Structures are given as structure tokens and as C-alpha cells.
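A.B. asks: To be precise about what I am sending: the file is called run-v5.pdb and holds PDB, C-alpha atoms.
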ATOM      1  CA  MET U 214      -8.441 -23.474  32.123
ATOM      2  CA  ASP U 215      -5.904 -20.646  31.933
ATOM      3  CA  LEU U 216      -3.007 -21.254  29.504
ATOM      4  CA  VAL U 217       0.060 -19.160  28.666
ATOM      5  CA  LEU U 218       1.604 -19.616  25.199
ATOM      6  CA  LEU U 219       5.160 -18.352  24.682
ATOM      7  CA  ARG U 220       6.943 -17.506  21.424
ATOM      8  CA  LEU U 221       9.058 -14.362  21.550
ATOM      9  CA  SER U 222      10.260 -14.136  17.930
ATOM     10  CA  ALA U 223      10.553 -14.048  14.962
ATOM     11  CA  LEU U 224       7.798 -13.329  12.440
ATOM     12  CA  GLY U 225       8.075 -16.623  10.559
ATOM     13  CA  ASP U 226       8.440 -18.612  13.776
ATOM     14  CA  ILE U 227       5.265 -17.128  15.243
ATOM     15  CA  LEU U 228       3.374 -17.959  12.046
ATOM     16  CA  ARG U 229       4.565 -21.556  12.343
ATOM     17  CA  VAL U 230       3.085 -21.985  15.829
ATOM     18  CA  LEU U 231      -0.361 -20.605  14.917
ATOM     19  CA  PRO U 232      -1.689 -24.025  13.756
ATOM     20  CA  ALA U 233      -0.790 -25.497  17.148
ATOM     21  CA  TRP U 234      -2.392 -22.587  18.993
ATOM     22  CA  ALA U 235      -5.556 -22.881  16.910
ATOM     23  CA  ASN U 236      -5.769 -26.607  17.657
ATOM     24  CA  LEU U 237      -5.523 -25.891  21.384
ATOM     25  CA  HIS U 238      -8.311 -23.332  21.153
ATOM     26  CA  GLU U 239     -10.524 -25.714  19.211
ATOM     27  CA  ALA U 240      -9.963 -28.443  21.811
ATOM     28  CA  PHE U 241     -10.490 -26.133  24.794
ATOM     29  CA  PRO U 242     -12.855 -23.395  23.563
ATOM     30  CA  GLY U 243     -13.654 -22.207  27.072
ATOM     31  CA  ALA U 244     -10.043 -21.736  28.094
ATOM     32  CA  ARG U 245      -8.287 -18.445  28.563
ATOM     33  CA  PHE U 246      -5.295 -18.110  26.238
ATOM     34  CA  ARG U 247      -2.591 -15.521  26.840
ATOM     35  CA  ALA U 248       0.194 -15.344  24.253
ATOM     36  CA  VAL U 249       3.543 -13.857  25.242
ATOM     37  CA  VAL U 250       5.083 -12.259  22.145
ATOM     38  CA  GLU U 251       7.355  -9.312  21.469
ATOM     39  CA  ASP U 252       5.637  -5.972  20.951
ATOM     40  CA  ARG U 253       6.816  -5.734  17.325
ATOM     41  CA  HIS U 254       4.839  -8.897  16.462
ATOM     42  CA  ALA U 255       1.574  -8.193  18.272
ATOM     43  CA  PHE U 256      -0.188  -7.650  14.922
ATOM     44  CA  LEU U 257       0.281 -11.348  14.061
ATOM     45  CA  LEU U 258      -2.379 -12.245  16.616
ATOM     46  CA  GLU U 259      -5.075 -10.038  15.057
ATOM     47  CA  PRO U 260      -6.874 -12.872  13.168
ATOM     48  CA  MET U 261      -7.135 -14.822  16.445
ATOM     49  CA  PRO U 262      -9.327 -12.647  18.690
ATOM     50  CA  TRP U 263      -9.534 -15.369  21.335
ATOM     51  CA  VAL U 264      -5.843 -14.830  22.161
ATOM     52  CA  GLU U 265      -4.957 -12.153  24.724
ATOM     53  CA  PRO U 266      -1.575 -10.641  23.756
ATOM     54  CA  VAL U 267       0.935 -10.204  26.556
ATOM     55  CA  LEU U 268       3.595  -7.969  25.068
ATOM     56  CA  VAL U 269       7.296  -8.060  25.854
ATOM     57  CA  VAL U 270       9.085  -4.794  25.050
ATOM     58  CA  ARG U 271      11.899  -5.926  22.788
ATOM     59  CA  LYS U 272      14.172  -2.950  23.526
ATOM     60  CA  ARG U 273      14.030  -3.714  27.234
ATOM     61  CA  LEU U 274      14.453  -7.448  26.677
ATOM     62  CA  SER U 275      17.547  -6.907  24.501
ATOM     63  CA  ASN U 276      19.253  -4.666  27.066
ATOM     64  CA  PRO U 277      21.161  -6.653  29.745
ATOM     65  CA  LEU U 278      20.456  -3.866  32.239
ATOM     66  CA  THR U 279      16.676  -4.045  31.825
ATOM     67  CA  ALA U 280      16.017  -7.630  30.631
ATOM     68  CA  LEU U 281      15.409  -9.202  34.043
ATOM     69  CA  GLY U 282      13.096  -6.383  35.086
ATOM     70  CA  GLU U 283      11.118  -6.820  31.861
ATOM     71  CA  LEU U 284      10.823 -10.569  32.395
ATOM     72  CA  ARG U 285       9.552  -9.980  35.933
ATOM     73  CA  ARG U 286       7.023  -7.428  34.685
ATOM     74  CA  VAL U 287       5.668  -9.875  32.087
ATOM     75  CA  ALA U 288       5.649 -12.692  34.637
ATOM     76  CA  GLY U 289       3.393 -10.586  36.800
ATOM     77  CA  LEU U 290       0.918 -10.325  33.903
ATOM     78  CA  VAL U 291       0.554 -14.120  33.569
ATOM     79  CA  ARG U 292       0.690 -15.077  37.238
ATOM     80  CA  GLY U 293      -2.138 -17.433  38.186
ATOM     81  CA  ALA U 294      -2.130 -19.441  34.943
ATOM     82  CA  GLU U 295      -2.734 -23.174  35.216
ATOM     83  CA  ALA U 296      -0.071 -24.152  32.674
ATOM     84  CA  SER U 297       2.415 -22.659  30.233
ATOM     85  CA  LEU U 298       3.476 -23.995  26.836
ATOM     86  CA  ASP U 299       6.891 -22.761  25.717
ATOM     87  CA  PHE U 300       7.173 -22.833  21.913
ATOM     88  CA  HIS U 301      10.563 -21.088  21.923
ATOM     89  CA  GLY U 302      12.918 -22.949  24.233
ATOM     90  CA  ILE U 303      15.337 -20.195  25.193
ATOM     91  CA  LEU U 304      16.162 -19.027  28.701
ATOM     92  CA  LYS U 305      14.259 -15.733  28.456
ATOM     93  CA  ALA U 306      11.052 -17.483  27.431
ATOM     94  CA  ALA U 307      11.409 -20.230  30.052
ATOM     95  CA  LEU U 308      12.048 -17.720  32.840
ATOM     96  CA  ILE U 309       8.690 -15.983  32.430
ATOM     97  CA  PRO U 310       6.431 -18.826  33.641
ATOM     98  CA  ARG U 311       9.027 -19.802  36.258
ATOM     99  CA  LEU U 312       9.031 -16.276  37.693
ATOM    100  CA  ALA U 313       5.228 -16.310  37.497
ATOM    101  CA  GLU U 314       5.202 -19.507  39.576
ATOM    102  CA  VAL U 315       3.165 -21.390  36.991
ATOM    103  CA  SER U 316       3.159 -24.921  38.374
ATOM    104  CA  GLU U 317       2.849 -26.825  35.061
ATOM    105  CA  ARG U 318       5.470 -25.663  32.561
ATOM    106  CA  TRP U 319       5.637 -27.519  29.214
ATOM    107  CA  GLY U 320       8.436 -27.302  26.633
ATOM    108  CA  ASP U 321       8.503 -28.427  22.992
ATOM    109  CA  GLY U 322      11.814 -30.298  23.179
ATOM    110  CA  VAL U 323      14.079 -27.588  21.802
ATOM    111  CA  THR U 324      15.941 -26.020  24.713
ATOM    112  CA  LYS U 325      18.882 -23.638  24.690
ATOM    113  CA  GLU U 326      20.750 -21.997  27.555
ATOM    114  CA  PHE U 327      19.451 -24.705  29.951
ATOM    115  CA  ALA U 328      15.853 -23.565  29.436
ATOM    116  CA  GLY U 329      14.670 -27.167  29.807
ATOM    117  CA  SER U 330      15.774 -27.197  33.430
ATOM    118  CA  LEU U 331      13.059 -24.630  34.169
ATOM    119  CA  GLN U 332      10.301 -26.732  32.598
ATOM    120  CA  THR U 333       8.341 -29.369  34.502
ATOM    121  CA  HIS U 334       7.167 -31.173  31.338
ATOM    122  CA  PRO U 335       9.921 -30.917  28.684
ATOM    123  CA  LEU U 336       9.375 -33.082  25.608
ATOM    124  CA  PRO U 337      12.295 -35.101  24.186
ATOM    125  CA  PHE U 338      14.202 -33.425  21.377
ATOM    126  CA  ARG U 339      13.428 -34.498  17.812
ATOM    127  CA  HIS U 340      14.953 -33.308  14.530
ATOM    128  CA  GLN U 341      11.766 -32.142  12.812
ATOM    129  CA  THR U 342      10.137 -29.116  11.266
ATOM    130  CA  ARG U 343       9.160 -26.237  13.499
ATOM    131  CA  TYR U 344       5.566 -26.930  12.506
ATOM    132  CA  SER U 345       5.821 -30.496  13.823
ATOM    133  CA  GLN U 346       7.705 -29.297  16.882
ATOM    134  CA  ALA U 347       4.892 -26.906  17.837
ATOM    135  CA  LEU U 348       2.133 -29.341  16.947
ATOM    136  CA  GLY U 349       3.862 -32.052  18.959
ATOM    137  CA  LEU U 350       3.726 -29.864  22.058
ATOM    138  CA  ALA U 351       0.026 -29.140  21.507
ATOM    139  CA  GLY U 352      -0.584 -32.856  20.976
ATOM    140  CA  ALA U 353       1.246 -33.881  24.142
ATOM    141  CA  PHE U 354      -0.591 -31.318  26.235
ATOM    142  CA  GLY U 355      -3.914 -32.409  24.735
ATOM    143  CA  ARG U 356      -3.249 -36.056  25.537
ATOM    144  CA  SER U 357      -2.511 -35.105  29.146
ATOM    145  CA  ARG U 358      -6.097 -33.828  29.229
ATOM    146  CA  GLY U 359      -7.561 -36.814  27.381
ATOM    147  CA  VAL U 360      -7.802 -35.053  23.993
ATOM    148  CA  GLU U 361      -6.273 -36.560  20.835
ATOM    149  CA  GLY U 362      -5.447 -35.069  17.449
ATOM    150  CA  LEU U 363      -3.922 -31.718  18.417
ATOM    151  CA  ASP U 364      -0.744 -32.565  16.495
ATOM    152  CA  ARG U 365      -2.374 -32.334  13.047
ATOM    153  CA  PHE U 366      -1.486 -29.501  10.676
ATOM    154  CA  ARG U 367      -4.115 -27.365   9.005
ATOM    155  CA  PRO U 368      -3.842 -23.974   7.268
ATOM    156  CA  VAL U 369      -5.513 -22.041  10.044
ATOM    157  CA  LEU U 370      -5.780 -18.730   8.172
ATOM    158  CA  ALA U 371      -7.358 -20.181   5.032
ATOM    159  CA  GLU U 372     -10.772 -18.947   6.124
ATOM    160  CA  ALA U 373      -9.760 -16.092   8.433
ATOM    161  CA  GLU U 374     -11.412 -12.721   7.910
ATOM    162  CA  LEU U 375      -8.836 -10.472   6.265
ATOM    163  CA  PRO U 376      -9.021  -6.927   4.838
ATOM    164  CA  ASP U 377      -9.670  -6.461   1.126
ATOM    165  CA  PRO U 378      -6.426  -5.777  -0.792
ATOM    166  CA  GLY U 379      -8.272  -4.242  -3.738
ATOM    167  CA  ALA U 380      -8.072  -5.267  -7.381
ATOM    168  CA  VAL U 381      -4.518  -6.623  -7.380
ATOM    169  CA  TRP U 382      -5.076  -9.481  -9.874
ATOM    170  CA  LEU U 383      -6.300  -9.690 -13.461
ATOM    171  CA  GLN U 384      -9.695 -11.257 -14.008
ATOM    172  CA  GLY U 385      -8.732 -14.107 -16.299
ATOM    173  CA  ALA U 386      -8.244 -17.826 -16.622
ATOM    174  CA  ARG U 387      -4.492 -17.948 -16.071
ATOM    175  CA  PRO U 388      -3.259 -19.324 -12.733
ATOM    176  CA  ARG U 389      -1.770 -16.801 -10.347
ATOM    177  CA  ALA U 390       1.654 -16.851  -8.726
ATOM    178  CA  VAL U 391       3.457 -14.501  -6.339
ATOM    179  CA  LEU U 392       7.231 -14.077  -6.594
ATOM    180  CA  VAL U 393       8.977 -13.045  -3.360
ATOM    181  CA  PRO U 394      12.568 -12.024  -4.165
ATOM    182  CA  GLY U 395      13.393 -10.484  -0.800
ATOM    183  CA  ALA U 396      14.469 -11.466   2.673
ATOM    184  CA  SER U 397      15.368  -9.452   5.737
ATOM    185  CA  ARG U 398      18.839  -7.937   6.027
ATOM    186  CA  ARG U 399      19.604 -10.462   8.751
ATOM    187  CA  GLY U 400      18.474 -13.243   6.440
ATOM    188  CA  ALA U 401      20.142 -11.914   3.273
ATOM    189  CA  ILE U 402      22.017 -15.215   2.874
ATOM    190  CA  LYS U 403      18.667 -16.807   1.986
ATOM    191  CA  ARG U 404      18.055 -14.649  -1.089
ATOM    192  CA  TRP U 405      17.958 -16.236  -4.532
ATOM    193  CA  PRO U 406      20.003 -14.204  -7.069
ATOM    194  CA  LEU U 407      17.986 -11.431  -8.655
ATOM    195  CA  ARG U 408      19.018 -12.442 -12.166
ATOM    196  CA  HIS U 409      17.447 -15.864 -11.474
ATOM    197  CA  TRP U 410      14.186 -14.184 -10.469
ATOM    198  CA  ILE U 411      14.209 -12.144 -13.669
ATOM    199  CA  GLU U 412      14.794 -15.268 -15.756
ATOM    200  CA  LEU U 413      12.039 -17.137 -13.900
ATOM    201  CA  ALA U 414       9.625 -14.293 -14.626
ATOM    202  CA  ARG U 415      10.557 -14.458 -18.319
ATOM    203  CA  LEU U 416       9.940 -18.198 -18.410
ATOM    204  CA  MET U 417       6.575 -18.052 -16.638
ATOM    205  CA  LYS U 418       4.811 -14.779 -17.462
ATOM    206  CA  ASP U 419       3.124 -16.019 -20.653
ATOM    207  CA  ARG U 420       1.433 -18.883 -18.800
ATOM    208  CA  TRP U 421       0.887 -17.418 -15.346
ATOM    209  CA  ASP U 422      -0.484 -14.159 -13.988
ATOM    210  CA  LEU U 423       2.579 -13.147 -11.948
ATOM    211  CA  ARG U 424       3.024 -10.510  -9.241
ATOM    212  CA  TRP U 425       6.133  -9.346  -7.411
ATOM    213  CA  SER U 426       5.791  -8.976  -3.653
ATOM    214  CA  LEU U 427       8.245  -6.257  -2.636
ATOM    215  CA  GLY U 428       8.659  -5.263   0.989
ATOM    216  CA  PRO U 429      10.492  -2.349   2.597
ATOM    217  CA  GLU U 430      13.856  -4.063   2.037
ATOM    218  CA  GLU U 431      13.144  -4.182  -1.732
ATOM    219  CA  GLU U 432      11.880  -0.647  -2.150
ATOM    220  CA  ASP U 433      14.670   0.126  -4.620
ATOM    221  CA  LEU U 434      13.443  -2.694  -6.886
ATOM    222  CA  ARG U 435       9.980  -1.178  -7.121
ATOM    223  CA  SER U 436      11.275   1.631  -9.340
ATOM    224  CA  TRP U 437      12.552  -0.631 -12.131
ATOM    225  CA  LEU U 438      11.877  -4.378 -11.682
ATOM    226  CA  PRO U 439       8.196  -4.409 -12.787
ATOM    227  CA  GLU U 440       8.950  -2.431 -15.950
ATOM    228  CA  ALA U 441      12.083  -4.453 -16.749
ATOM    229  CA  THR U 442      10.276  -7.798 -16.427
ATOM    230  CA  GLY U 443       6.743  -6.938 -17.529
ATOM    231  CA  VAL U 444       5.473  -8.324 -14.218
ATOM    232  CA  PRO U 445       3.527  -5.922 -11.981
ATOM    233  CA  ALA U 446       4.257  -5.572  -8.290
ATOM    234  CA  PHE U 447       1.654  -5.559  -5.574
ATOM    235  CA  PRO U 448       1.058  -2.017  -4.346
ATOM    236  CA  ARG U 449       2.285  -1.127  -0.882
ATOM    237  CA  LEU U 450      -0.115  -3.049   1.352
ATOM    238  CA  GLY U 451      -0.536  -3.571   5.050
ATOM    239  CA  PHE U 452       0.514  -6.987   6.297
ATOM    240  CA  TRP U 453      -2.977  -8.499   6.417
ATOM    241  CA  GLN U 454      -3.969  -6.896   3.114
ATOM    242  CA  LEU U 455      -0.911  -8.589   1.621
ATOM    243  CA  ALA U 456      -1.997 -11.858   3.235
ATOM    244  CA  SER U 457      -5.399 -11.464   1.575
ATOM    245  CA  ALA U 458      -3.705 -10.894  -1.801
ATOM    246  CA  LEU U 459      -1.488 -13.960  -1.304
ATOM    247  CA  ARG U 460      -4.520 -16.064  -0.452
ATOM    248  CA  GLN U 461      -5.962 -15.330  -3.894
ATOM    249  CA  ALA U 462      -2.880 -16.884  -5.562
ATOM    250  CA  ASP U 463      -2.399 -20.445  -6.797
ATOM    251  CA  ARG U 464       1.302 -20.522  -5.931
ATOM    252  CA  VAL U 465       3.841 -18.552  -3.892
ATOM    253  CA  VAL U 466       7.554 -18.810  -4.718
ATOM    254  CA  SER U 467       9.863 -17.604  -1.978
ATOM    255  CA  PRO U 468      13.053 -18.282  -0.069
ATOM    256  CA  ASP U 469      12.781 -19.326   3.575
ATOM    257  CA  THR U 470      11.164 -16.102   4.810
ATOM    258  CA  GLY U 471       8.143 -15.007   6.776
ATOM    259  CA  LEU U 472       6.028 -14.649   3.628
ATOM    260  CA  LEU U 473       6.697 -18.264   2.677
ATOM    261  CA  HIS U 474       5.296 -19.414   5.997
ATOM    262  CA  LEU U 475       2.461 -16.911   5.808
ATOM    263  CA  ALA U 476       1.426 -18.591   2.545
ATOM    264  CA  VAL U 477       1.580 -22.004   4.255
ATOM    265  CA  VAL U 478      -0.840 -21.025   7.026
ATOM    266  CA  LEU U 479      -3.048 -19.322   4.418
ATOM    267  CA  GLY U 480      -3.299 -22.631   2.548
ATOM    268  CA  VAL U 481      -1.536 -21.484  -0.647
ATOM    269  CA  PRO U 482       0.821 -24.093  -2.220
ATOM    270  CA  VAL U 483       4.419 -22.908  -2.039
ATOM    271  CA  LEU U 484       7.740 -23.476  -3.731
ATOM    272  CA  GLY U 485      10.444 -22.849  -1.154
ATOM    273  CA  LEU U 486      13.899 -21.977  -2.502
ATOM    274  CA  TYR U 487      16.361 -23.192   0.142
ATOM    275  CA  GLY U 488      20.111 -22.824   0.349
ATOM    276  CA  SER U 489      21.573 -22.310   3.810
ATOM    277  CA  SER U 490      18.290 -23.157   5.568
ATOM    278  CA  ASP U 491      17.877 -26.626   7.030
ATOM    279  CA  PRO U 492      15.272 -28.351   4.815
ATOM    280  CA  VAL U 493      14.058 -30.331   7.829
ATOM    281  CA  VAL U 494      13.902 -27.801  10.656
ATOM    282  CA  ALA U 495      12.855 -24.933   8.366
ATOM    283  CA  GLY U 496      10.831 -27.225   6.116
ATOM    284  CA  LEU U 497       7.146 -27.465   5.287
ATOM    285  CA  PRO U 498       4.272 -29.496   6.684
ATOM    286  CA  PRO U 499       2.945 -32.344   4.503
ATOM    287  CA  GLY U 500       0.880 -31.133   1.574
ATOM    288  CA  ALA U 501       1.930 -27.487   1.853
ATOM    289  CA  GLY U 502       4.244 -27.441  -1.148
ATOM    290  CA  ARG U 503       7.799 -28.289  -2.149
ATOM    291  CA  VAL U 504      11.286 -27.343  -1.031
ATOM    292  CA  LEU U 505      13.755 -26.906  -3.905
ATOM    293  CA  ARG U 506      17.494 -26.975  -3.194
ATOM    294  CA  THR U 507      20.752 -28.011  -4.803
ATOM    295  CA  GLY U 508      21.878 -30.167  -1.889
ATOM    296  CA  ILE U 509      25.549 -29.265  -2.266
ATOM    297  CA  SER U 510      27.803 -30.611   0.455
ATOM    298  CA  CYS U 511      28.133 -27.396   2.476
ATOM    299  CA  ALA U 512      24.382 -26.770   2.700
ATOM    300  CA  PRO U 513      22.595 -26.269   4.979
ATOM    301  CA  CYS U 514      25.062 -24.154   6.906
ATOM    302  CA  ARG U 515      23.268 -20.997   8.197
ATOM    303  CA  GLU U 516      26.545 -19.118   7.779
ATOM    304  CA  ARG U 517      25.245 -15.560   7.419
ATOM    305  CA  ALA U 518      28.685 -14.294   6.372
ATOM    306  CA  CYS U 519      29.067 -16.729   3.455
ATOM    307  CA  GLN U 520      30.182 -14.911   0.318
ATOM    308  CA  ARG U 521      29.932 -17.751  -2.232
ATOM    309  CA  ARG U 522      26.235 -18.550  -1.840
ATOM    310  CA  GLN U 523      26.701 -21.381  -4.313
ATOM    311  CA  CYS U 524      23.749 -23.192  -2.771
ATOM    312  CA  MET U 525      21.458 -20.523  -4.240
ATOM    313  CA  GLU U 526      23.490 -19.645  -7.312
ATOM    314  CA  ASP U 527      23.292 -23.245  -8.577
ATOM    315  CA  LEU U 528      19.506 -23.489  -8.172
ATOM    316  CA  ALA U 529      18.578 -22.852 -11.820
ATOM    317  CA  PRO U 530      15.488 -20.860 -12.863
ATOM    318  CA  GLN U 531      14.593 -23.626 -15.333
ATOM    319  CA  ARG U 532      14.330 -26.105 -12.483
ATOM    320  CA  VAL U 533      12.030 -23.794 -10.530
ATOM    321  CA  ALA U 534       9.882 -23.205 -13.625
ATOM    322  CA  GLU U 535       9.518 -26.959 -14.109
ATOM    323  CA  ALA U 536       8.408 -27.321 -10.480
ATOM    324  CA  PHE U 537       5.373 -25.131 -11.174
TER
END
What is this file in C-alpha cells?
C.D. replies:
Amino acid sequence: MDLVLLRLSALGDILRVLPAWANLHEAFPGARFRAVVEDRHAFLLEPMPWVEPVLVVRKRLSNPLTALGELRRVAGLVRGAEASLDFHGILKAALIPRLAEVSERWGDGVTKEFAGSLQTHPLPFRHQTRYSQALGLAGAFGRSRGVEGLDRFRPVLAEAELPDPGAVWLQGARPRAVLVPGASRRGAIKRWPLRHWIELARLMKDRWDLRWSLGPEEEDLRSWLPEATGVPAFPRLGFWQLASALRQADRVVSPDTGLLHLAVVLGVPVLGLYGSSDPVVAGLPPGAGRVLRTGISCAPCRERACQRRQCMEDLAPQRVAEAF
């Protein structure tokens, strides 16, 4: 069997399809799996050596003058596959297996820009988490081959071989928690106010061994936040070293970002701080943790230009501390 898996972006969305991809591999261990992802996210496939990356050059895909040529190039790399499973549901993703003349083209039920019209086996749309959406596609494909149970969630990176992050935790009896105050610039609307993070650290640091996780977007915080709060920050780590450090924690607290979903697939219980994010679509699989939100009338909205951000402002640090 030769299968093509498609998910072009983004980091958190690719992490959310990994459980479905792992289930497919477990069910069909002799199959060839080629995963079409953008070049900037190729590293996410490193813990899954059975996946052959097929890389789309994002700069070419984003340019209207070169996008079609890039899609044709990638289609040529997957031509001859028996079936494709589209975990994205946009026109660019759906065009690749169509141009490659893959005869059996599955879709997960979420289709934009008429992508579903290019699929031979589109699933019906359901309002559900992206985890369930991906697992549902794996389950439906499995059933078409007489295999059940591919729609179950499991933290597929809980036992994955990851690089050693070094001595980033104290050796003691206190439980460990990672605080993730950042989000990408594009997702800045998702950030919890920094003063709330500082208050949460004050409330928790005597009972928990806390660590800040600060990425490139929070580099300015590294110079003062650890000293101001008495909570150390992880050193600058590679992505999979950071994953290894997260996996040693008992809890990860984060807004709806890639690191939240990394913790989910690592098997670390999470507290998700949600404002504008849809608590269903962007939610968590059963048993992975809790979503905390105020539930005010205008949320979720996904309005990136919102200036009030009341949905996050009103989520009190005391409430988050109690949820520990």
C-alpha cells in the first residue's frame, strides 16, 4: 500500500494529526507513507522515521506566480500512490493528489475553496476538535480496509526517542509545571496578560517546581522575567530538546499554541487558557487536560485585531491556580 498524507501547515495543526498518522502506520506497518508538509515544518516528522517527507516550498506556494508550478512539482513526487488522505481541506492541498492522478482521494470533512469537489471520498462535516477530525479520517479509511479502531487518540510521542535537554529540573519531590506565556505574532490575540502570568507564578512557586518556556518571540522577557518572578526559564533549546524537557513535567500551562499541542501528544496533562480560540475546534482530546475560559458572549471570535481582549483579561490567575 502506498499512501499520501497531506497537511501543509501550521505547527500546531501538524502535531494534532500525528496521532492519526501513527494509528495508520500501526494498522498498515508494511505500507509506504509519504507526508506532504511545508519545508519549514519538516523537522516535525523526525520522531516518525517511517514517514517520507515530501516538502512543499512555502515561498513558492505563497506566490501566485509560482504556486501552480510548485503544486505540479510536488504532485510529480507522489504520483503512483494508491490513496491520499487530506488532513487540511484547502484547495492547494486537494490539488496535489488530483494533479498526481491519485485515484482514491479522501478528505476529513473540512473543505474550503471547493476542495471537497476534488476528493473522491470526502467525509461529512462535523463540528469537532481537530484531533477528532484527523482521527475520524484515519478511522474511516481503516474501516474501508476492514480495520477498526484507528479513530482512538493516544499520546504518540510519550515514548518517542528524544534528545536529552540536560539538567533543566531540580531533583526534588515537588511536582513540575511549565508556564508558556508566548504565542506567535500572528496569534498574539491568544496571549494571556503578562501580569496574570507573574501573579500565577507567585501563587504556585512555593508548591511547584516551575519553569518558563520562552521562545524567540519572548526573547526580551528572558532578560528580566526569571529574576523578577524567582522562576527559572528553560535555556535556549532545540525543538525536540524542549519537547524532552516538557515530557518531564507534570503539567503544562499555555494558551492555544503549538507548545500546548506538543504537550498533548507527549502525554503531559495541560491547562489550556482560551479566549478567542474555539474551545471545540481548537480543543483537547479526552483525558489530555482542561480548557479554561471565561465564556463571555463575544468569545470565541478569532478576531486578530481585537483590542479589548476581555476574554483573556477576565481569566483570573486565582482560577488557573485552583485548576492545578
A.B. asks: Check the smallest atom-to-atom distance from each of U:Cys514, U:Leu312, U:Val444, U:Leu392 to Gly293 (chain U) using all atoms listed in the file, then report the winner.
C.D. replies: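 Ranked by minimum distance to Gly293 (chain U), first place goes to U:Leu312.
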A.B. asks: Run the PyMOL selection byres ((chain U and resi 235) around 10) against the file shown and list the residues it catches, as an mmCIF file with C-alpha atoms, in the coordinates of the input.
C.D. replies:
data_model
loop_
_atom_site.group_PDB
_atom_site.id
_atom_site.type_symbol
_atom_site.label_atom_id
_atom_site.label_comp_id
_atom_site.auth_asym_id
_atom_site.auth_seq_id
_atom_site.Cartn_x
_atom_site.Cartn_y
_atom_site.Cartn_z
ATOM 1 C CA VAL U 230 3.085 -21.985 15.829
ATOM 2 C CA LEU U 231 -0.361 -20.605 14.917
ATOM 3 C CA PRO U 232 -1.689 -24.025 13.756
ATOM 4 C CA ALA U 233 -0.790 -25.497 17.148
ATOM 5 C CA TRP U 234 -2.392 -22.587 18.993
ATOM 6 C CA ASN U 236 -5.769 -26.607 17.657
ATOM 7 C CA LEU U 237 -5.523 -25.891 21.384
ATOM 8 C CA HIS U 238 -8.311 -23.332 21.153
ATOM 9 C CA GLU U 239 -10.524 -25.714 19.211
ATOM 10 C CA ALA U 240 -9.963 -28.443 21.811
ATOM 11 C CA PHE U 241 -10.490 -26.133 24.794
ATOM 12 C CA PRO U 242 -12.855 -23.395 23.563
ATOM 13 C CA MET U 261 -7.135 -14.822 16.445
ATOM 14 C CA TRP U 263 -9.534 -15.369 21.335
ATOM 15 C CA VAL U 264 -5.843 -14.830 22.161
ATOM 16 C CA ALA U 351 0.026 -29.140 21.507
ATOM 17 C CA LEU U 363 -3.922 -31.718 18.417
ATOM 18 C CA PHE U 366 -1.486 -29.501 10.676
ATOM 19 C CA ARG U 367 -4.115 -27.365 9.005
ATOM 20 C CA PRO U 368 -3.842 -23.974 7.268
ATOM 21 C CA VAL U 369 -5.513 -22.041 10.044
ATOM 22 C CA LEU U 370 -5.780 -18.730 8.172
#
A.B. asks: For the file shown, report as a list in words the outcome of the PyMOL selection byres ((chain U and resi 338) around 6) at residue level.
C.D. replies: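 When the PyMOL selection byres ((chain U and resi 338) around 6) is applied, the selected residues are Gly322, Val323, Pro337 and Arg339 of chain U.
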A.B. asks: So what do you get for CA of Asp433 (chain U) versus CA of Arg253 (chain U), distance-wise?
C.D. replies: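 These two atoms are separated by 24.0 Å.
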A.B. asks: Please write as a count of residues only the full residue list that the PyMOL selection byres ((chain U and resi 373-375) around 7) yields on this file.
C.D. replies: 9
A.B. asks: Neighbours of Asp419 (chain U) within 12 Å (all atoms listed in the file; same-chain residues fewer than 5 positions away dropped), as a ChimeraX atom specification?
C.D. replies: /U:387-389,413-414,442-444
A.B. asks: Report, in Å with one decimal, the straight-line distance from CA of Val269 (chain U) to CA of Ala328 (chain U).
C.D. replies: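 Taking CA of Val269 (chain U) as the start and CA of Ala328 (chain U) as the end point, the length is 18.1 Å.
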A.B. asks: Pick from U:Arg460, U:Arg522, U:Arg292, U:Arg420: nearest to Arg404 (chain U), with all atoms listed in the file counted?
C.D. replies: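 The closest residue to Arg404 (chain U) is U:Arg522.
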A.B. asks: Applying 8 Å and all atoms listed in the file, which residues near Ala255 (chain U) remain after dropping the ones on its own chain fewer than 5 positions away? List them as a PyMOL selection string.
C.D. replies: chain U and resi 250+266+268
A.B. asks: Using all atoms of region 244-262 of chain U that appear in the file, construct an axis-aligned enclosing box with 3 Å of padding on every side and provide its centre coordinates and edge lengths in Å, rounded to one decimal, as lines of an AutoDock Vina configuration file.
C.D. replies:
center_x = -1.3
center_y = -13.7
center_z = 20.9
size_x = 23.4
size_y = 22.0
size_z = 21.4
A.B. asks: Around the point (7.6, -13.1, 14.3) in the file's coordinates, collect all residues with an atom within 9 Å, using all atoms listed in the file, and return them as number ranges by chain.
C.D. replies: U: 220-228, 250-251, 253-255, 257, 471
A.B. asks: Mind listing as an MDAnalysis selection string all residues within 12 Å of (11.5, -5.1, 5.0), counting all atoms listed in the file?
C.D. replies: chainID U and resid 224 393:401 426:433 449 452 470:472
A.B. asks: Got a sec: who's within 12 Å of Glu535 (chain U), counting all atoms listed in the file, leaving out chain neighbours fewer than 6 positions off, as a list of chain:residue names?
C.D. replies: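 Returned residues: U:Leu413, U:Leu416, U:Met417, U:Leu484, U:Leu505, U:Ala529.
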A.B. asks: Could you list, with a cut-off of 8 Å and counting all atoms listed in the file, the residues of region 295-404 of chain U near region 486-496 of chain U, each shown with its nearest atom pair and the distance in Å rounded to one decimal, rows sorted by chain and ascending number, as a Markdown table?
C.D. replies:
| residue | atom | partner | partner_atom | distance |
| --- | --- | --- | --- | --- |
| U:His340 | CA | U:Val494 | CA | 6.8 |
| U:Gln341 | CA | U:Val494 | CA | 5.3 |
| U:Thr342 | CA | U:Val494 | CA | 4.0 |
| U:Arg343 | CA | U:Val494 | CA | 5.7 |
| U:Ile402 | CA | U:Ser489 | CA | 7.2 |
| U:Lys403 | CA | U:Gly488 | CA | 6.4 |
